[in-house]
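Colleague: Dropping in data_15.pdb, with PDB, C-alpha atoms.
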```
ATOM      1  CA  MET A   1      23.165  10.605  38.560
ATOM      2  CA  ILE A   2      20.768  11.204  35.671
ATOM      3  CA  VAL A   3      19.157   8.132  34.138
ATOM      4  CA  ALA A   4      17.863   8.440  30.573
ATOM      5  CA  ASP A   5      14.257   7.468  29.990
ATOM      6  CA  PRO A   6      14.161   4.627  27.403
ATOM      7  CA  GLN A   7      10.552   5.464  26.451
ATOM      8  CA  LYS A   8      11.386   9.047  25.545
ATOM      9  CA  ALA A   9      11.640   9.654  21.821
ATOM     10  CA  LYS A  10      15.031  10.883  20.693
ATOM     11  CA  ALA A  11      15.552  13.421  17.961
ATOM     12  CA  PRO A  12      17.090  11.931  14.799
ATOM     13  CA  LYS A  13      20.765  12.759  14.316
ATOM     14  CA  SER A  14      20.768  12.592  10.511
ATOM     15  CA  LYS A  15      18.370  13.095   7.638
ATOM     16  CA  ARG A  16      18.528   9.407   6.739
ATOM     17  CA  VAL A  17      17.312   8.406  10.208
ATOM     18  CA  ALA A  18      14.597  11.061  10.007
ATOM     19  CA  ARG A  19      13.364   9.592   6.702
ATOM     20  CA  VAL A  20      13.282   6.084   8.186
ATOM     21  CA  LEU A  21      11.309   7.258  11.220
ATOM     22  CA  GLU A  22       8.899   9.164   9.009
ATOM     23  CA  LYS A  23       8.391   6.058   6.879
ATOM     24  CA  ARG A  24       7.577   3.969   9.959
ATOM     25  CA  ALA A  25       5.260   6.558  11.503
ATOM     26  CA  PRO A  26       1.491   5.857  11.578
ATOM     27  CA  LYS A  27      -0.411   6.891   8.448
ATOM     28  CA  LEU A  28      -4.023   7.168   7.389
ATOM     29  CA  VAL A  29      -3.275   4.710   4.574
ATOM     30  CA  GLU A  30      -0.661   2.248   5.768
ATOM     31  CA  ASN A  31       1.993   0.723   3.544
ATOM     32  CA  ALA A  32       1.860  -2.914   2.453
ATOM     33  CA  LYS A  33       2.705  -5.309   5.296
ATOM     34  CA  LYS A  34       6.149  -6.878   5.209
ATOM     35  CA  THR A  35       6.791 -10.515   6.132
ATOM     36  CA  LEU A  36       9.744 -11.865   8.100
ATOM     37  CA  ILE A  37      10.688 -15.529   7.550
ATOM     38  CA  LEU A  38      13.071 -17.189   9.991
ATOM     39  CA  GLN A  39      13.782 -20.631  11.447
ATOM     40  CA  GLY A  40      14.563 -22.262  14.769
ATOM     41  CA  THR A  41      17.404 -24.434  15.994
ATOM     42  CA  LYS A  42      16.380 -27.464  13.959
ATOM     43  CA  THR A  43      14.505 -27.683  10.681
ATOM     44  CA  SER A  44      13.762 -30.386   8.125
ATOM     45  CA  GLY A  45      14.269 -30.465   4.373
ATOM     46  CA  ILE A  46      10.519 -30.256   3.815
ATOM     47  CA  LEU A  47      10.207 -27.258   6.095
ATOM     48  CA  ASN A  48      13.109 -25.455   4.412
ATOM     49  CA  ALA A  49      11.406 -25.988   1.058
ATOM     50  CA  VAL A  50       8.134 -24.609   2.453
ATOM     51  CA  LEU A  51       9.861 -21.482   3.751
ATOM     52  CA  THR A  52      11.574 -21.014   0.387
ATOM     53  CA  GLU A  53       8.284 -21.299  -1.496
ATOM     54  CA  ILE A  54       6.592 -18.762   0.788
ATOM     55  CA  PHE A  55       9.534 -16.417   0.276
ATOM     56  CA  HIS A  56       9.169 -16.686  -3.528
ATOM     57  CA  LEU A  57       5.417 -16.053  -3.312
ATOM     58  CA  LYS A  58       5.999 -12.868  -1.292
ATOM     59  CA  ARG A  59       9.313 -11.744  -2.726
ATOM     60  CA  SER A  60       8.214  -8.118  -3.176
ATOM     61  CA  ASN A  61       7.534  -7.547   0.560
ATOM     62  CA  CYS A  62       9.489 -10.223   2.369
ATOM     63  CA  ILE A  63      12.717 -10.669   4.347
ATOM     64  CA  ARG A  64      14.228 -14.058   5.115
ATOM     65  CA  TYR A  65      16.825 -14.978   7.748
ATOM     66  CA  THR A  66      18.588 -18.304   7.151
ATOM     67  CA  ARG A  67      20.560 -18.442  10.398
ATOM     68  CA  LYS A  68      19.382 -20.711  13.211
ATOM     69  CA  ASN A  69      17.814 -19.083  16.262
ATOM     70  CA  ASP A  70      18.018 -20.878  19.593
ATOM     71  CA  ASN A  71      15.832 -18.892  21.966
ATOM     72  CA  ILE A  72      12.630 -18.499  19.936
ATOM     73  CA  ARG A  73       9.622 -20.283  21.485
ATOM     74  CA  PRO A  74       6.580 -18.230  20.430
ATOM     75  CA  PHE A  75       3.979 -19.926  22.662
ATOM     76  CA  GLU A  76       6.091 -19.872  25.839
ATOM     77  CA  SER A  77       6.384 -16.962  28.235
ATOM     78  CA  GLY A  78       9.419 -14.874  27.289
ATOM     79  CA  GLY A  79      10.110 -16.956  24.177
ATOM     80  CA  GLU A  80       8.717 -14.321  21.843
ATOM     81  CA  THR A  81      11.259 -11.635  22.796
ATOM     82  CA  SER A  82      13.547 -12.424  19.859
ATOM     83  CA  LEU A  83      10.611 -12.367  17.442
ATOM     84  CA  GLU A  84       9.600  -8.917  18.669
ATOM     85  CA  PHE A  85      13.203  -7.714  18.371
ATOM     86  CA  PHE A  86      13.465  -8.902  14.746
ATOM     87  CA  SER A  87      10.046  -7.421  13.990
ATOM     88  CA  HIS A  88      11.158  -4.012  15.258
ATOM     89  CA  LYS A  89      14.512  -4.241  13.471
ATOM     90  CA  THR A  90      13.065  -5.120  10.053
ATOM     91  CA  ASP A  91       9.747  -3.228  10.407
ATOM     92  CA  CYS A  92       7.815  -6.431   9.603
ATOM     93  CA  SER A  93       4.299  -6.967  10.944
ATOM     94  CA  LEU A  94       3.917 -10.570   9.676
ATOM     95  CA  LEU A  95       6.016 -13.499  10.933
ATOM     96  CA  VAL A  96       6.617 -17.004   9.571
ATOM     97  CA  PHE A  97       8.685 -19.199  11.884
ATOM     98  CA  GLY A  98       9.695 -22.788  11.075
ATOM     99  CA  SER A  99      10.940 -25.484  13.466
ATOM    100  CA  HIS A 100      11.143 -29.265  13.554
ATOM    101  CA  SER A 101      11.049 -31.676  16.500
ATOM    102  CA  LYS A 102       9.910 -35.189  17.315
ATOM    103  CA  LYS A 103       6.837 -33.915  19.129
ATOM    104  CA  ARG A 104       5.894 -31.363  16.442
ATOM    105  CA  PRO A 105       7.423 -32.332  13.077
ATOM    106  CA  HIS A 106       7.474 -29.842  10.198
ATOM    107  CA  ASN A 107       6.069 -27.127  12.449
ATOM    108  CA  LEU A 108       5.103 -23.741  11.015
ATOM    109  CA  VAL A 109       4.078 -20.737  13.136
ATOM    110  CA  LEU A 110       2.242 -17.848  11.481
ATOM    111  CA  GLY A 111       1.951 -14.666  13.510
ATOM    112  CA  ARG A 112       1.117 -10.988  13.416
ATOM    113  CA  THR A 113       2.484  -8.084  15.437
ATOM    114  CA  TYR A 114       1.030  -4.796  16.593
ATOM    115  CA  ASP A 115       3.296  -1.968  17.727
ATOM    116  CA  ASN A 116       6.243  -4.427  17.527
ATOM    117  CA  GLN A 117       4.510  -6.749  20.016
ATOM    118  CA  ILE A 118       3.100 -10.218  19.309
ATOM    119  CA  TYR A 119      -0.575  -9.818  18.386
ATOM    120  CA  ASP A 120      -1.672 -13.396  17.640
ATOM    121  CA  LEU A 121      -0.186 -16.766  16.607
ATOM    122  CA  VAL A 122      -1.308 -19.859  14.698
ATOM    123  CA  GLU A 123       0.717 -23.078  14.719
ATOM    124  CA  VAL A 124       0.213 -25.590  11.905
ATOM    125  CA  GLY A 125       1.892 -28.775  10.784
ATOM    126  CA  VAL A 126       2.838 -29.275   7.141
ATOM    127  CA  GLU A 127       1.845 -32.552   5.467
ATOM    128  CA  ASN A 128       1.656 -33.804   1.855
ATOM    129  CA  PHE A 129       3.853 -30.980   0.616
ATOM    130  CA  LYS A 130       4.415 -30.669  -3.142
ATOM    131  CA  PRO A 131       6.902 -28.041  -4.393
ATOM    132  CA  VAL A 132       6.616 -26.053  -7.603
ATOM    133  CA  ASP A 133       9.049 -28.361  -9.415
ATOM    134  CA  SER A 134       6.696 -31.332  -9.053
ATOM    135  CA  PHE A 135       4.018 -29.709 -11.283
ATOM    136  CA  SER A 136       4.204 -29.845 -15.072
ATOM    137  CA  TYR A 137       2.570 -26.954 -16.923
ATOM    138  CA  ASP A 138       3.250 -24.433 -19.639
ATOM    139  CA  LYS A 139       5.774 -21.941 -18.288
ATOM    140  CA  LYS A 140       3.930 -19.134 -20.074
ATOM    141  CA  LEU A 141       1.102 -19.567 -17.530
ATOM    142  CA  ALA A 142       3.418 -18.974 -14.573
ATOM    143  CA  PRO A 143       2.219 -16.019 -12.429
ATOM    144  CA  LYS A 144       4.182 -12.815 -12.854
ATOM    145  CA  VAL A 145       5.968 -11.035 -10.030
ATOM    146  CA  GLY A 146       3.836  -8.299  -8.479
ATOM    147  CA  SER A 147       0.500  -9.577  -9.795
ATOM    148  CA  LYS A 148      -2.648  -9.306  -7.670
ATOM    149  CA  PRO A 149      -3.935 -12.713  -6.420
ATOM    150  CA  PHE A 150      -7.399 -14.016  -5.639
ATOM    151  CA  ILE A 151      -7.893 -15.791  -2.302
ATOM    152  CA  THR A 152     -10.786 -18.223  -1.900
ATOM    153  CA  PHE A 153     -11.880 -20.169   1.191
ATOM    154  CA  ILE A 154     -14.016 -23.260   0.616
ATOM    155  CA  GLY A 155     -15.928 -24.871   3.463
ATOM    156  CA  GLU A 156     -18.368 -23.919   6.206
ATOM    157  CA  GLY A 157     -15.686 -24.421   8.854
ATOM    158  CA  PHE A 158     -14.149 -21.033   8.058
ATOM    159  CA  GLU A 159     -17.348 -19.422   9.384
ATOM    160  CA  SER A 160     -18.165 -21.707  12.328
ATOM    161  CA  VAL A 161     -14.932 -23.216  13.740
ATOM    162  CA  GLU A 162     -12.886 -20.769  15.808
ATOM    163  CA  GLU A 163      -9.478 -22.230  14.815
ATOM    164  CA  LEU A 164     -10.316 -22.089  11.104
ATOM    165  CA  LYS A 165     -11.676 -18.554  11.403
ATOM    166  CA  HIS A 166      -8.439 -17.470  13.041
ATOM    167  CA  LEU A 167      -6.338 -19.225  10.386
ATOM    168  CA  LYS A 168      -8.388 -17.516   7.671
ATOM    169  CA  GLU A 169      -7.633 -14.062   9.086
ATOM    170  CA  VAL A 170      -3.898 -14.788   9.300
ATOM    171  CA  LEU A 171      -3.716 -16.225   5.755
ATOM    172  CA  LEU A 172      -5.592 -13.217   4.377
ATOM    173  CA  ASP A 173      -3.049 -10.880   5.949
ATOM    174  CA  LEU A 174      -0.137 -13.059   4.854
ATOM    175  CA  PHE A 175      -1.008 -13.204   1.140
ATOM    176  CA  HIS A 176      -2.732  -9.831   0.886
ATOM    177  CA  GLU A 177      -0.969  -7.417  -1.427
ATOM    178  CA  GLU A 178      -1.201  -3.645  -1.644
ATOM    179  CA  VAL A 179      -4.643  -2.052  -1.777
ATOM    180  CA  VAL A 180      -5.444  -0.721  -5.259
ATOM    181  CA  GLU A 181      -8.346   1.363  -6.530
ATOM    182  CA  ASN A 182      -8.296   0.214 -10.162
ATOM    183  CA  LEU A 183      -7.538  -3.342 -11.238
ATOM    184  CA  ASN A 184      -6.412  -4.532 -14.645
ATOM    185  CA  LEU A 185      -7.755  -7.965 -15.562
ATOM    186  CA  ALA A 186      -4.418  -8.914 -17.102
ATOM    187  CA  GLY A 187      -2.734  -8.317 -13.723
ATOM    188  CA  VAL A 188      -4.868 -10.966 -11.961
ATOM    189  CA  ASP A 189      -3.213 -14.222 -12.984
ATOM    190  CA  ARG A 190      -3.235 -16.448  -9.873
ATOM    191  CA  VAL A 191      -5.418 -17.651  -7.015
ATOM    192  CA  PHE A 192      -4.784 -19.149  -3.576
ATOM    193  CA  ILE A 193      -7.245 -21.923  -2.704
ATOM    194  CA  CYS A 194      -7.890 -22.890   0.923
ATOM    195  CA  ALA A 195     -10.315 -25.795   1.403
ATOM    196  CA  ALA A 196     -11.403 -26.961   4.869
ATOM    197  CA  LEU A 197     -11.130 -30.769   4.834
ATOM    198  CA  SER A 198     -12.055 -31.065   8.537
ATOM    199  CA  SER A 199     -12.211 -28.942  11.683
ATOM    200  CA  ASP A 200      -8.404 -28.934  11.981
ATOM    201  CA  ARG A 201      -7.097 -29.617   8.453
ATOM    202  CA  VAL A 202      -6.888 -27.212   5.496
ATOM    203  CA  PHE A 203      -5.750 -27.954   1.961
ATOM    204  CA  PHE A 204      -3.701 -25.072   0.549
ATOM    205  CA  SER A 205      -2.934 -24.757  -3.161
ATOM    206  CA  HIS A 206      -1.626 -22.149  -5.592
ATOM    207  CA  CYS A 207      -3.105 -22.030  -9.115
ATOM    208  CA  ALA A 208      -2.558 -19.916 -12.210
ATOM    209  CA  ILE A 209      -5.493 -18.358 -14.066
ATOM    210  CA  HIS A 210      -5.682 -19.112 -17.787
ATOM    211  CA  LEU A 211      -7.995 -16.781 -19.733
ATOM    212  CA  LYS A 212      -9.686 -18.269 -22.801
ATOM    213  CA  LYS A 213     -12.138 -16.957 -25.368
ATOM    214  CA  SER A 214     -15.799 -17.383 -24.460
ATOM    215  CA  GLY A 215     -17.564 -15.554 -27.301
ATOM    216  CA  THR A 216     -18.442 -12.676 -24.948
ATOM    217  CA  ILE A 217     -16.655  -9.722 -23.401
ATOM    218  CA  VAL A 218     -15.947 -11.706 -20.225
ATOM    219  CA  PRO A 219     -13.315 -14.424 -20.892
ATOM    220  CA  ARG A 220     -13.575 -17.971 -19.610
ATOM    221  CA  MET A 221     -11.208 -18.753 -16.749
ATOM    222  CA  GLU A 222      -9.431 -22.047 -16.174
ATOM    223  CA  LEU A 223      -7.252 -22.936 -13.176
ATOM    224  CA  VAL A 224      -3.892 -24.604 -13.668
ATOM    225  CA  GLU A 225      -2.164 -25.835 -10.508
ATOM    226  CA  VAL A 226       1.383 -24.477 -10.418
ATOM    227  CA  GLY A 227       2.241 -25.165  -6.772
ATOM    228  CA  PRO A 228       3.095 -25.250  -4.058
ATOM    229  CA  SER A 229       0.379 -27.310  -2.379
ATOM    230  CA  MET A 230       0.217 -28.731   1.144
ATOM    231  CA  ASP A 231      -2.054 -29.759   3.998
ATOM    232  CA  LEU A 232      -2.031 -27.498   7.049
ATOM    233  CA  VAL A 233      -2.962 -29.259  10.301
ATOM    234  CA  ILE A 234      -3.866 -26.792  13.060
ATOM    235  CA  ARG A 235      -2.081 -27.519  16.351
ATOM    236  CA  ARG A 236      -2.076 -24.464  18.638
ATOM    237  CA  HIS A 237      -3.284 -20.916  18.295
ATOM    238  CA  ARG A 238      -3.276 -17.825  20.479
ATOM    239  CA  LEU A 239      -5.947 -15.181  20.030
ATOM    240  CA  PRO A 240      -5.151 -11.497  20.585
ATOM    241  CA  ASN A 241      -5.922  -9.797  23.863
ATOM    242  CA  VAL A 242      -9.297  -8.038  23.918
ATOM    243  CA  ASP A 243      -7.847  -4.642  24.853
ATOM    244  CA  VAL A 244      -5.028  -4.924  22.320
ATOM    245  CA  LYS A 245      -7.477  -5.997  19.618
ATOM    246  CA  LYS A 246      -9.739  -3.044  20.382
ATOM    247  CA  GLU A 247      -6.812  -0.662  20.134
ATOM    248  CA  ALA A 248      -5.498  -2.266  16.926
ATOM    249  CA  MET A 249      -8.907  -2.037  15.240
ATOM    250  CA  LYS A 250      -9.149   1.727  15.694
ATOM    251  CA  THR A 251      -9.309   3.645  12.461
ATOM    252  CA  ALA A 252      -8.323   7.270  12.110
ATOM    253  CA  LEU A 253     -10.900   9.617  10.686
ATOM    254  CA  GLU A 254     -10.008  11.019   7.324
ATOM    255  CA  GLN A 255      -9.135  14.672   7.289
ATOM    256  CA  PRO A 256     -12.166  16.718   6.189
ATOM    257  CA  LYS A 257     -11.846  18.206   2.761
ATOM    258  CA  LYS A 258     -11.452  21.974   2.643
ATOM    259  CA  LYS A 259     -14.690  23.608   1.566
ATOM    260  CA  MET A 260     -14.413  25.373  -1.764
ATOM    261  CA  LYS A 261     -16.200  28.685  -1.982
ATOM    262  CA  ASN A 262     -18.722  29.354  -4.746
ATOM    263  CA  VAL A 263     -18.575  25.732  -5.979
ATOM    264  CA  LYS A 264     -21.451  23.267  -5.834
ATOM    265  CA  GLY A 265     -22.196  19.890  -7.357
ATOM    266  CA  ASP A 266     -25.212  18.945  -9.408
ATOM    267  CA  ILE A 267     -26.186  15.430 -10.494
ATOM    268  CA  ILE A 268     -27.164  16.569 -13.982
ATOM    269  CA  GLU A 269     -24.857  19.503 -14.672
ATOM    270  CA  GLY A 270     -21.899  18.258 -12.607
ATOM    271  CA  THR A 271     -19.636  20.724 -10.808
ATOM    272  CA  ILE A 272     -20.818  24.304 -11.077
ATOM    273  CA  GLY A 273     -18.717  27.313 -10.080
ATOM    274  CA  ARG A 274     -19.632  30.951  -9.614
ATOM    275  CA  VAL A 275     -17.159  33.660 -10.623
ATOM    276  CA  TYR A 276     -17.467  37.240  -9.379
ATOM    277  CA  ILE A 277     -16.126  39.991 -11.685
ATOM    278  CA  PRO A 278     -15.825  43.558 -10.303
ATOM    279  CA  GLU A 279     -17.273  46.518 -12.206
ATOM    280  CA  GLN A 280     -14.971  47.652 -14.974
ATOM    281  CA  GLU A 281     -14.073  51.367 -14.938
ATOM    282  CA  VAL A 282     -13.297  52.001 -18.568
ATOM    283  CA  GLY A 283     -12.408  55.646 -18.066
ATOM    284  CA  LYS A 284      -9.489  54.814 -15.814
ATOM    285  CA  MET A 285      -8.075  52.096 -18.032
ATOM    286  CA  ALA A 286      -4.514  52.698 -19.229
ATOM    287  CA  LEU A 287      -4.339  52.759 -22.999
ATOM    288  CA  SER A 288      -1.349  51.682 -24.975
ATOM    289  CA  ASN A 289       0.833  54.504 -26.365
ATOM    290  CA  ASN A 290       2.157  52.392 -29.199
ATOM    291  CA  ALA A 291      -1.005  52.306 -31.280
ATOM    292  CA  LYS A 292      -0.489  53.677 -34.813
ATOM    293  CA  GLY A 293      -3.846  55.390 -34.909
ATOM    294  CA  LEU A 294      -3.065  57.404 -31.803
ATOM    295  CA  LYS A 295       0.278  58.534 -33.231
ATOM    296  CA  ARG A 296      -1.349  59.789 -36.407
ATOM    297  CA  GLU A 297      -3.965  61.741 -34.466
ATOM    298  CA  ARG A 298      -1.282  63.288 -32.265
ATOM    299  CA  ARG A 299       0.747  64.426 -35.282
ATOM    300  CA  GLU A 300      -2.297  66.056 -36.876
ATOM    301  CA  SER A 301      -3.300  67.825 -33.688
ATOM    302  CA  LYS A 302       0.297  69.006 -33.203
ATOM    303  CA  LYS A 303       0.399  70.524 -36.721
ATOM    304  CA  LYS A 304      -2.878  72.364 -36.173
ATOM    305  CA  HIS A 305      -1.647  73.725 -32.887
ATOM    306  CA  GLU A 306       1.620  74.955 -34.413
ATOM    307  CA  GLY A 307      -0.262  76.634 -37.261
ATOM    308  CA  LYS A 308      -2.441  78.574 -34.855
ATOM    309  CA  LEU A 309       0.575  79.809 -32.942
ATOM    310  CA  GLN A 310       2.411  81.053 -36.020
ATOM    311  CA  GLU A 311      -0.446  83.156 -37.498
ATOM    312  CA  PRO A 312      -0.618  85.857 -34.732
ATOM    313  CA  LYS A 313       3.139  86.485 -34.997
ATOM    314  CA  LYS A 314       2.857  87.315 -38.713
ATOM    315  CA  GLN A 315       0.022  89.778 -38.076
ATOM    316  CA  LYS A 316       2.100  91.626 -35.506
ATOM    317  CA  LYS A 317       4.937  92.101 -38.025
ATOM    318  CA  ASP A 318       2.509  93.460 -40.630
ATOM    319  CA  ASP A 319       0.992  95.951 -38.139
ATOM    320  CA  GLY A 320       4.460  97.273 -37.251
ATOM    321  CA  GLN A 321       5.268  98.111 -40.842
TER     322      GLN A 321
END
```
Represent the supplied structure as structure tokens.

Modeller:
Amino acid sequence: MIVADPQKAKAPKSKRVARVLEKRAPKLVENAKKTLILQGTKTSGILNAVLTEIFHLKRSNCIRYTRKNDNIRPFESGGETSLEFFSHKTDCSLLVFGSHSKKRPHNLVLGRTYDNQIYDLVEVGVENFKPVDSFSYDKKLAPKVGSKPFITFIGEGFESVEELKHLKEVLLDLFHEEVVENLNLAGVDRVFICAALSSDRVFFSHCAIHLKKSGTIVPRMELVEVGPSMDLVIRRHRLPNVDVKKEAMKTALEQPKKKMKNVKGDIIEGTIGRVYIPEQEVGKMALSNNAKGLKRERRESKKKHEGKLQEPKKQKKDDGQ
């Protein structure tokens, strides 16, 4: 009896599957990270609103499951199997899981995956939540979909307290958009503010950026709170394994650029190229037969040649007589 090896890669059976596998394959420049939002057996109205707001903030790269999941317990042994399955199914490397219980009310778990395995987890409790509808502001200032946000962290705790440092890394990955080389100032219209109130409490807020005239080229910026806002109380967190972290932090070397022959760069003159031209043999060059001057010369030479041929014939006739 032959048993198939589950670790062995199978050849794709269709072009669509081949495109999906190629899209998920490792790259030198990875795609933007996708976020998966799902909930446990029991949730609260506040927690459902929080998950909805996070989904709206990350609508461009986010997937949300609204069904209840019974067997998801991220911090227990074997309880993360369902999370890893959903991560592999949706190709999401960021996880937001919400649950509610008497012991841990309004519980929110933020996690990251590496190679479809749980990398690290941070568990926070949501308090003093204010949705977007509770803020009154000019709707023209509302951030646009797909805009690039600022993220600011206020407080020394983000550099000294281990729990806050870990939460900072996860929040940066969660709200980080695609990497861009050039940035238009008009496309930066919002900012996420994270202020450390204590060693285990962080105030999170979302503000819009209002640009005003300042009399100079650089405009004056004002912040208008548009929501949501909440307090995040750190409860539990699980750091990544040292070996897994070392492997995840590896960066592939960029492919060396192909050397161009006879091209060099100069700071003053810029890019300079050298062109080699072979010796031109003018005598062997093919001339065009359609030139008018050549036709006229050929006609004249032909007439002279015919005249020379006719003269000896006449002399022979005269000698015979």

Colleague: Would you pick out the contacts of A:Asn116 at 7 Å or less, using all atoms listed in the file, so that residues sharing its chain but fewer than 4 positions from it are not included, and give the list as a ChimeraX atom specification?

Modeller: /A:84,87-88

Colleague: Using all atoms listed in the file, tabulate the residues of stretch 170-248 of chain A lying at most 10 Å from any atom of stretch 33-43 of chain A, each with its closest atom pair and that distance in Å to one decimal, by chain and increasing residue number, as a tab-separated table.

Modeller:
```
residue	atom	partner	partner_atom	distance
A:Asp173	CA	A:Lys33	CA	8.0
A:Leu174	CA	A:Thr35	CA	7.5
A:Phe175	CA	A:Thr35	CA	9.6
A:His176	CA	A:Lys33	CA	8.3
A:Glu177	CA	A:Lys33	CA	7.9
A:Glu178	CA	A:Lys33	CA	8.1
```

Colleague: Would you mind listing, for every residue of stretch 75-178 of chain A within 6 Å of stretch 236-239 of chain A, the two atoms forming the shortest contact and the distance between them in Å to one decimal, using only C-alpha atoms, sorted by chain and ascending residue number, as a tab-separated table?

Modeller:
```
residue	atom	partner	partner_atom	distance
A:Asp120	CA	A:Leu239	CA	5.2
A:Leu121	CA	A:Arg238	CA	5.1
A:Val122	CA	A:His237	CA	4.2
A:Glu123	CA	A:Arg236	CA	5.0
```

Colleague: What does the structure give for the distance between atom CA of A:Leu223 and atom CA of A:Ile209, in Å to one decimal?

Modeller: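 Taking atom CA of A:Leu223 as the start and atom CA of A:Ile209 as the end point, the length is 5.0 Å.
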
Colleague: I'd like the contact shell of A:Ile272 - 6 Å cut-off, only C-alpha atoms, skipping same-chain residues fewer than 2 positions apart - returned as a list in words.

Modeller: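 Residues meeting the cut-off are Val263, Lys264 and Gly265 of chain A.
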
Colleague: Tell me, as number ranges by chain, which residues lie within 7 Å of A:Asp231, counting only C-alpha atoms; anything in the same chain fewer than 2 positions away does not count.

Modeller: A: 126-129, 201-204, 233

Colleague: Run the PyMOL selection byres ((chain A and resi 111) around 9) on the file and write out the hits as a PDB file with C-alpha atoms, in the frame of the given file.

Modeller:
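In the end it all went to out_38.pdb:
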```
ATOM      1  CA  SER A  93       4.299  -6.967  10.944  1.00  0.00           C
ATOM      2  CA  LEU A  94       3.917 -10.570   9.676  1.00  0.00           C
ATOM      3  CA  LEU A  95       6.016 -13.499  10.933  1.00  0.00           C
ATOM      4  CA  VAL A  96       6.617 -17.004   9.571  1.00  0.00           C
ATOM      5  CA  PHE A  97       8.685 -19.199  11.884  1.00  0.00           C
ATOM      6  CA  VAL A 109       4.078 -20.737  13.136  1.00  0.00           C
ATOM      7  CA  LEU A 110       2.242 -17.848  11.481  1.00  0.00           C
ATOM      8  CA  ARG A 112       1.117 -10.988  13.416  1.00  0.00           C
ATOM      9  CA  THR A 113       2.484  -8.084  15.437  1.00  0.00           C
ATOM     10  CA  ILE A 118       3.100 -10.218  19.309  1.00  0.00           C
ATOM     11  CA  TYR A 119      -0.575  -9.818  18.386  1.00  0.00           C
ATOM     12  CA  ASP A 120      -1.672 -13.396  17.640  1.00  0.00           C
ATOM     13  CA  LEU A 121      -0.186 -16.766  16.607  1.00  0.00           C
ATOM     14  CA  VAL A 122      -1.308 -19.859  14.698  1.00  0.00           C
ATOM     15  CA  GLU A 123       0.717 -23.078  14.719  1.00  0.00           C
ATOM     16  CA  VAL A 170      -3.898 -14.788   9.300  1.00  0.00           C
TER      17      VAL A 170
END
```

Colleague: Check the smallest atom-to-atom distance from each of A:Ala208, A:Ile234, A:Val188, A:Val244 to A:Leu167 using all atoms listed in the file, then report the winner.

Modeller: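 Looking only at the distances to A:Leu167, the closest residue turns out to be A:Ile234.
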
Colleague: Which value, in Å to one decimal, gives the distance between atom CA of A:Ser44 and atom CA of A:Lys102?

Modeller: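 We find that atom CA of A:Ser44 and atom CA of A:Lys102 lie 11.1 Å from each other.
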
Colleague: Report, in Å with one decimal, the straight-line distance from atom CA of A:Val145 to atom CA of A:Ser60.

Modeller: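 The value is 7.8 Å.
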
Colleague: Hey, what's within 9 Å of A:Asp133 if we count only C-alpha atoms and toss same-chain stuff fewer than 3 positions away? As a VMD selection string, please?

Modeller: chain A and resid 130 136 226 to 228

Colleague: Choose the residue, out of A:Ala18, A:Ile154, A:Ile54, A:Ala286, that has the smallest atom-to-atom separation from A:Met230; count all atoms listed in the file.

Modeller: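 Using all atoms listed in the file, the shortest distance to A:Met230 belongs to A:Ile54.
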